[in-house]
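Below is one structure, written out as structure tokens; the observations come after it.
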Amino acid sequence: METISQTIERFGGVYLLPVAVSLIALVLIGIPSSWVTLTVAGLAMGMMIFLMASGLSLIFGLMDVLNFGHSAFVSFGAFVAASALGYMSGWLGADSLALNMLAVFLAFLAAITFGLVAGWFFEVVIIKPVYHDHLRQILITMGALIVSEQIILAVWGGAPVSVPRPSFLEGSWLFGDVTVEIYRAFAFALGLAVYIALYLVLKRTRIGLLIRAGVENREMVEALGFKIDRLFVGVFMVGSALAALGGAMWAGYETLITPALGGEMMIVVFIVVIIGGLGSVEGTLLGAIMVGLMANYIGFLAPKLALASNMVLMMAILLWRPSGLKPAVK
Amino acid sequence: MASTHPRGAQFIKATVLVIGALLLFAPFLFQDTRSLEVAARICIFVVLVASYDLLIGYTGIVSFAHTMFFGFGAYGAAIALRQMGPGWDAVLVGSLAGLAVSIVVAIAIGLLSLRVKAIFFAMITLAAASVALVLASQLSNLTGGEDGITYKAPQIFKTATKLMVDENGKVVRILGVKLNGKLAAYYFVFASSLALFILCLRIVGSPLGSVLKAIRENEARAEAIGYRVVAYRTFVFCIAAAAASLAGTIYAIWLKYTGPDTALSFNIMIDILLMVVIGGMGTMYGAVIGAVLLVLAQYYLRDLMGVVSENLHGIPLLPELFEPSRWLLWLGIIFILLVYFFPKGIAGTIWEKGARS
């Protein structure tokens, strides 16, 4: 028994979990081509959820602040990007690939900028006065979530908004009898790029060092003379911008968005963050991919259970590891 | 605080008594169906908010699953009434089934997550509540899906039922109010809500209530004195869940309809949160004040906002913001301001005012 767990640890420990899940799913599904399609879909979904969840996890890890309003950034990101894309629909329809890409880039830029500004506002105006008071934090961020949802309803209306997709992201690639939607590949690539960027910033730069040290022990970093508060505003802004980017990606993925989007994603994001362990980027990635894969496999195998599956997954993981798979804080 | 009877406390208690009296005579004072609907809704929400206050105000744990338990109770009664036909046996079976499910789920959630940080608990209850909502709309052969269930209440609560007849066989009227089944239904709602509210009040005043407050104030110290914090938290979570479940049953009998929107939606949770914070966390009487204010706002503020919106016609965005359905926006802002400046809510703030003078 001892040796088995050591061997598993050497090959990656909990990181093997998604691999194990996908192998079991391969056996259960039995058709390799649909399995590949589902796996790609799951990975893409996982990456988008990772974008939304990573900020929340870091914010909590660094400052012990849990932002229940985080999903507001997701929906704002989705709606801002949708509006921006709608505004530039001429470019999207154009034949030139460069114009297409520019339009997508600008739409994402709009979402990110909005996320940065809104994150700054949120941090400074709403959360700063209630540091170190979990009860009021939950209440205030919940209130902020209500207000932002209502603002979205007031600005964009309650009817579903359709999101135009650029033509170069439409369609799918065919490998034999395996179809891979281009947008999913794009989502996966973007998510991976963000993860690598986050990883490099956290592990290779001075700011990353400070953030990791702050997650580990805030008082100590402060005692050494660094202004954690200022750093935290930055982390909060980046986290919100990532959520907005995730929302923008999600909007393009769903192509039809409603104001309820934020609320729906919030549950998934929470489950991911709990599974992964609060405060760690690796854990969030792991949790997001697990949730994405499970959602797609179960959705194929037993569609009725699809939504409950996340809950069951969370329960199982919490029973096994009460503080998540890869917690940053001990 | 309670022993010294400061003026603020007396004022709050008097207000609550007046509200209670108004609710008691509501069918005679406000003789239209809408007002009676409002009064019944207030009664139900007083129970819901009071039981929620046990959690958030007295024990300091934030749960987002309170509507889930409310829904269990409501769906229990609804399913039993539809399957077994209108009758008290169905009500009994339904409420007991709802109660049992609520308590089992509460114990499971409590033991699983109350030992970790409060913030985990909030997230897990939120996830559980959303799963319950999805299940209710998916298991459509049992719960009626999105459409919900319509059913008949027990015979005595039917509007056509005559409680007392005069010699001509007509319904007796007192002060112009017909003594019919609707009246009986209202008093059923009122009496059971009152009983549940008094139960909550009693719990808060009992030794158990003191232990809960000790846990809220300093968890580590309470543990050190020898109270098993996890056990107490789980226990109070179960009590709150049971109360919410019973409130759900009562509401299901009153409405004769149960659906995701009336029993399980997240909006009800937001309403409860707003009520408990506006009324005052950890005051119990605040539950009454918060519930009254918010239910009145729900029914009558929209009309007012419609008027404002009409008058602002022509100015960009402003009419949109004052649109009657945007009332939650303003309540949300009030909510945030209250948490900042009056974290004790209306009842708590006034209560303390008197204590100082």
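FYI, nothing fancy with the structure tokens labels: chains A, B, ... in order, residues from 1 per chain, ligands from 1 as they appear.
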
Just list the residues in stretch 71-320 of chain B DSSP gives helix (DSSP H, G or I) on the backbone, as a PyMOL selection string.
-> chain B and resi 71-84+88-113+118-138+140-143+145-147+155-157+181-205+207-217+219-225+229-255+260-263+266-279+285-311+318-320

Any idea which chain B residues end up within 8 Å of chain A if we count only C-alpha atoms, as a PyMOL selection string please?
-> chain B and resi 60-62+112+116+118-120+123-124+126-128+130-131+134-135+138+317+320-321+326+328-330+332-333+335-336+339-340

Deliver the residues from the most recent selection as a file, using N, CA and C atoms, as an mmCIF file, in the first residue's frame.
```
data_model
loop_
_atom_site.group_PDB
_atom_site.id
_atom_site.type_symbol
_atom_site.label_atom_id
_atom_site.label_comp_id
_atom_site.auth_asym_id
_atom_site.auth_seq_id
_atom_site.Cartn_x
_atom_site.Cartn_y
_atom_site.Cartn_z
ATOM 1 N N GLY B 60 -23.367 32.903 13.685
ATOM 2 C CA GLY B 60 -22.330 33.450 12.833
ATOM 3 C C GLY B 60 -21.938 32.559 11.677
ATOM 4 N N ILE B 61 -22.863 31.715 11.199
ATOM 5 C CA ILE B 61 -22.547 30.953 9.996
ATOM 6 C C ILE B 61 -23.469 31.392 8.869
ATOM 7 N N VAL B 62 -22.900 31.533 7.688
ATOM 8 C CA VAL B 62 -23.677 31.996 6.547
ATOM 9 C C VAL B 62 -24.049 30.798 5.690
ATOM 10 N N LEU B 112 -20.138 17.662 6.989
ATOM 11 C CA LEU B 112 -19.125 17.701 5.937
ATOM 12 C C LEU B 112 -18.368 19.022 5.942
ATOM 13 N N VAL B 116 -14.839 23.008 8.720
ATOM 14 C CA VAL B 116 -13.861 23.878 8.065
ATOM 15 C C VAL B 116 -14.304 25.324 8.189
ATOM 16 N N ALA B 118 -15.847 29.060 7.862
ATOM 17 C CA ALA B 118 -17.215 29.518 7.621
ATOM 18 C C ALA B 118 -17.430 29.779 6.141
ATOM 19 N N ILE B 119 -16.368 30.222 5.481
ATOM 20 C CA ILE B 119 -16.495 30.635 4.100
ATOM 21 C C ILE B 119 -16.712 29.420 3.185
ATOM 22 N N PHE B 120 -16.136 28.297 3.572
ATOM 23 C CA PHE B 120 -16.370 27.059 2.836
ATOM 24 C C PHE B 120 -17.828 26.678 2.931
ATOM 25 N N MET B 123 -19.993 28.554 0.594
ATOM 26 C CA MET B 123 -19.886 28.111 -0.792
ATOM 27 C C MET B 123 -20.581 26.770 -1.003
ATOM 28 N N ILE B 124 -20.414 25.878 -0.038
ATOM 29 C CA ILE B 124 -20.984 24.541 -0.220
ATOM 30 C C ILE B 124 -22.510 24.594 -0.173
ATOM 31 N N LEU B 126 -24.294 27.072 -1.035
ATOM 32 C CA LEU B 126 -24.714 27.688 -2.303
ATOM 33 C C LEU B 126 -24.767 26.628 -3.405
ATOM 34 N N ALA B 127 -23.728 25.798 -3.455
ATOM 35 C CA ALA B 127 -23.697 24.756 -4.480
ATOM 36 C C ALA B 127 -24.842 23.768 -4.268
ATOM 37 N N ALA B 128 -25.061 23.372 -3.008
ATOM 38 C CA ALA B 128 -26.128 22.412 -2.724
ATOM 39 C C ALA B 128 -27.476 22.989 -3.132
ATOM 40 N N SER B 130 -28.132 25.184 -5.391
ATOM 41 C CA SER B 130 -28.319 25.246 -6.843
ATOM 42 C C SER B 130 -28.594 23.858 -7.407
ATOM 43 N N VAL B 131 -27.979 22.846 -6.819
ATOM 44 C CA VAL B 131 -28.264 21.487 -7.282
ATOM 45 C C VAL B 131 -29.719 21.134 -6.997
ATOM 46 N N VAL B 134 -31.875 22.698 -9.587
ATOM 47 C CA VAL B 134 -31.791 21.988 -10.869
ATOM 48 C C VAL B 134 -32.564 20.680 -10.809
ATOM 49 N N LEU B 135 -32.402 19.959 -9.696
ATOM 50 C CA LEU B 135 -33.105 18.685 -9.556
ATOM 51 C C LEU B 135 -34.612 18.900 -9.621
ATOM 52 N N GLN B 138 -35.615 19.294 -13.073
ATOM 53 C CA GLN B 138 -35.336 18.165 -13.964
ATOM 54 C C GLN B 138 -36.226 16.955 -13.694
ATOM 55 N N LEU B 317 -31.109 56.513 -19.538
ATOM 56 C CA LEU B 317 -30.747 55.533 -18.513
ATOM 57 C C LEU B 317 -31.551 55.642 -17.212
ATOM 58 N N GLU B 320 -34.705 53.729 -17.010
ATOM 59 C CA GLU B 320 -34.355 52.311 -16.980
ATOM 60 C C GLU B 320 -34.054 51.865 -15.550
ATOM 61 N N LEU B 321 -33.304 52.714 -14.826
ATOM 62 C CA LEU B 321 -32.908 52.354 -13.473
ATOM 63 C C LEU B 321 -34.087 52.394 -12.515
ATOM 64 N N ARG B 326 -36.660 46.952 -11.529
ATOM 65 C CA ARG B 326 -35.293 47.205 -11.057
ATOM 66 C C ARG B 326 -35.251 47.491 -9.570
ATOM 67 N N LEU B 328 -34.828 45.712 -7.123
ATOM 68 C CA LEU B 328 -33.771 44.997 -6.406
ATOM 69 C C LEU B 328 -32.460 45.768 -6.434
ATOM 70 N N LEU B 329 -32.255 46.517 -7.517
ATOM 71 C CA LEU B 329 -31.042 47.331 -7.620
ATOM 72 C C LEU B 329 -30.944 48.267 -6.424
ATOM 73 N N TRP B 330 -32.047 48.947 -6.157
ATOM 74 C CA TRP B 330 -32.028 49.925 -5.063
ATOM 75 C C TRP B 330 -31.941 49.239 -3.726
ATOM 76 N N GLY B 332 -30.448 46.466 -3.217
ATOM 77 C CA GLY B 332 -29.062 46.017 -3.120
ATOM 78 C C GLY B 332 -28.159 47.128 -2.609
ATOM 79 N N ILE B 333 -28.368 48.328 -3.141
ATOM 80 C CA ILE B 333 -27.539 49.457 -2.708
ATOM 81 C C ILE B 333 -27.813 49.762 -1.237
ATOM 82 N N PHE B 335 -28.823 47.701 0.909
ATOM 83 C CA PHE B 335 -28.247 46.573 1.634
ATOM 84 C C PHE B 335 -26.763 46.807 1.913
ATOM 85 N N ILE B 336 -26.016 47.201 0.855
ATOM 86 C CA ILE B 336 -24.572 47.429 1.028
ATOM 87 C C ILE B 336 -24.335 48.538 2.047
ATOM 88 N N VAL B 339 -24.949 47.333 5.553
ATOM 89 C CA VAL B 339 -23.897 46.479 6.109
ATOM 90 C C VAL B 339 -22.699 47.335 6.528
ATOM 91 N N TYR B 340 -22.427 48.405 5.752
ATOM 92 C CA TYR B 340 -21.323 49.302 6.131
ATOM 93 C C TYR B 340 -21.630 50.064 7.407
#
```

Polymer residues at most 8 Å from stretch 200-212 of chain A, only C-alpha atoms, same-chain spacing of 4 or more positions, as a ChimeraX atom specification | /A:62,196,216,221,231

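For A:Leu97, the set of protein, DNA and RNA residues having any atom at most 10 Å away, when counting only C-alpha atoms and skipping those fewer than 4 positions along the same chain, is Trp91, Leu92, Gly93, Met101, Leu102, Ala103, Pro166, Ser167 and Phe168 of chain A.
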
Could the residues of stretch 103-218 of chain A that have an atom at most 10 Å from stretch 51-59 of chain A be listed as JSON lines, each with its closest atom pair and the distance in Å to one decimal, counting only C-alpha atoms and ordered by chain and ascending residue number?
```
{"residue": "A:Leu190", "atom": "CA", "partner": "A:Leu51", "partner_atom": "CA", "distance": 9.3}
{"residue": "A:Gly191", "atom": "CA", "partner": "A:Leu51", "partner_atom": "CA", "distance": 6.5}
{"residue": "A:Leu192", "atom": "CA", "partner": "A:Leu51", "partner_atom": "CA", "distance": 9.5}
{"residue": "A:Val194", "atom": "CA", "partner": "A:Leu51", "partner_atom": "CA", "distance": 7.7}
{"residue": "A:Tyr195", "atom": "CA", "partner": "A:Leu51", "partner_atom": "CA", "distance": 8.2}
{"residue": "A:Leu198", "atom": "CA", "partner": "A:Ser54", "partner_atom": "CA", "distance": 9.4}
{"residue": "A:Ile211", "atom": "CA", "partner": "A:Leu58", "partner_atom": "CA", "distance": 8.9}
{"residue": "A:Arg212", "atom": "CA", "partner": "A:Leu58", "partner_atom": "CA", "distance": 9.4}
{"residue": "A:Val215", "atom": "CA", "partner": "A:Leu58", "partner_atom": "CA", "distance": 8.1}
```

Residues within 9 Å of A:Gly86, only C-alpha atoms, excluding chain neighbours under 5 positions, as a VMD selection string | chain A and resid 81 92 162 to 164

Take the residues from that selection and write them out as a PDB file, in the first residue's frame, keeping C-alpha atoms.
```pdb
ATOM      1  CA  ALA A  81     -17.312  41.512 -25.247  1.00  0.00           C
ATOM      2  CA  LEU A  92     -15.983  40.089 -38.195  1.00  0.00           C
ATOM      3  CA  SER A 162     -26.520  36.772 -29.380  1.00  0.00           C
ATOM      4  CA  VAL A 163     -22.762  36.945 -29.714  1.00  0.00           C
ATOM      5  CA  PRO A 164     -21.331  37.119 -33.220  1.00  0.00           C
TER       6      PRO A 164
END
```

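Rounded to one decimal, atom CA of B:Leu17 and atom CA of B:Gly290 lie 14.3 Å from each other.
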
Near-B:Leu96 list (12 Å; only C-alpha atoms; drop same-chain fewer than 3 positions) as an NGL selection string | :B and (72-77 or 80 or 89-93 or 99-103 or 242-243 or 245-246 or 248-249)

Determine, counting only C-alpha atoms, which protein, DNA and RNA residues have an atom within 9 Å of an atom of A:Glu282; residues of the same chain fewer than 4 positions away are not included. Present the result as an NGL selection string.
-> :A and (54 or 195 or 199 or 276 or 286-287 or 326)

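Pairwise distance (atom CA of B:Ile79, atom CA of A:Gly299) equals 28.1 Å.
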
Hey, can you check how far atom CA of B:Tyr299 sits from atom CA of B:Ala122?
-> 29.4 Å

Out of stretch 96-248 of chain B, which residues get strand (DSSP E or B) from DSSP, as a ChimeraX atom specification?
-> /B:149-150,162,165,171,173-174,177-178,180
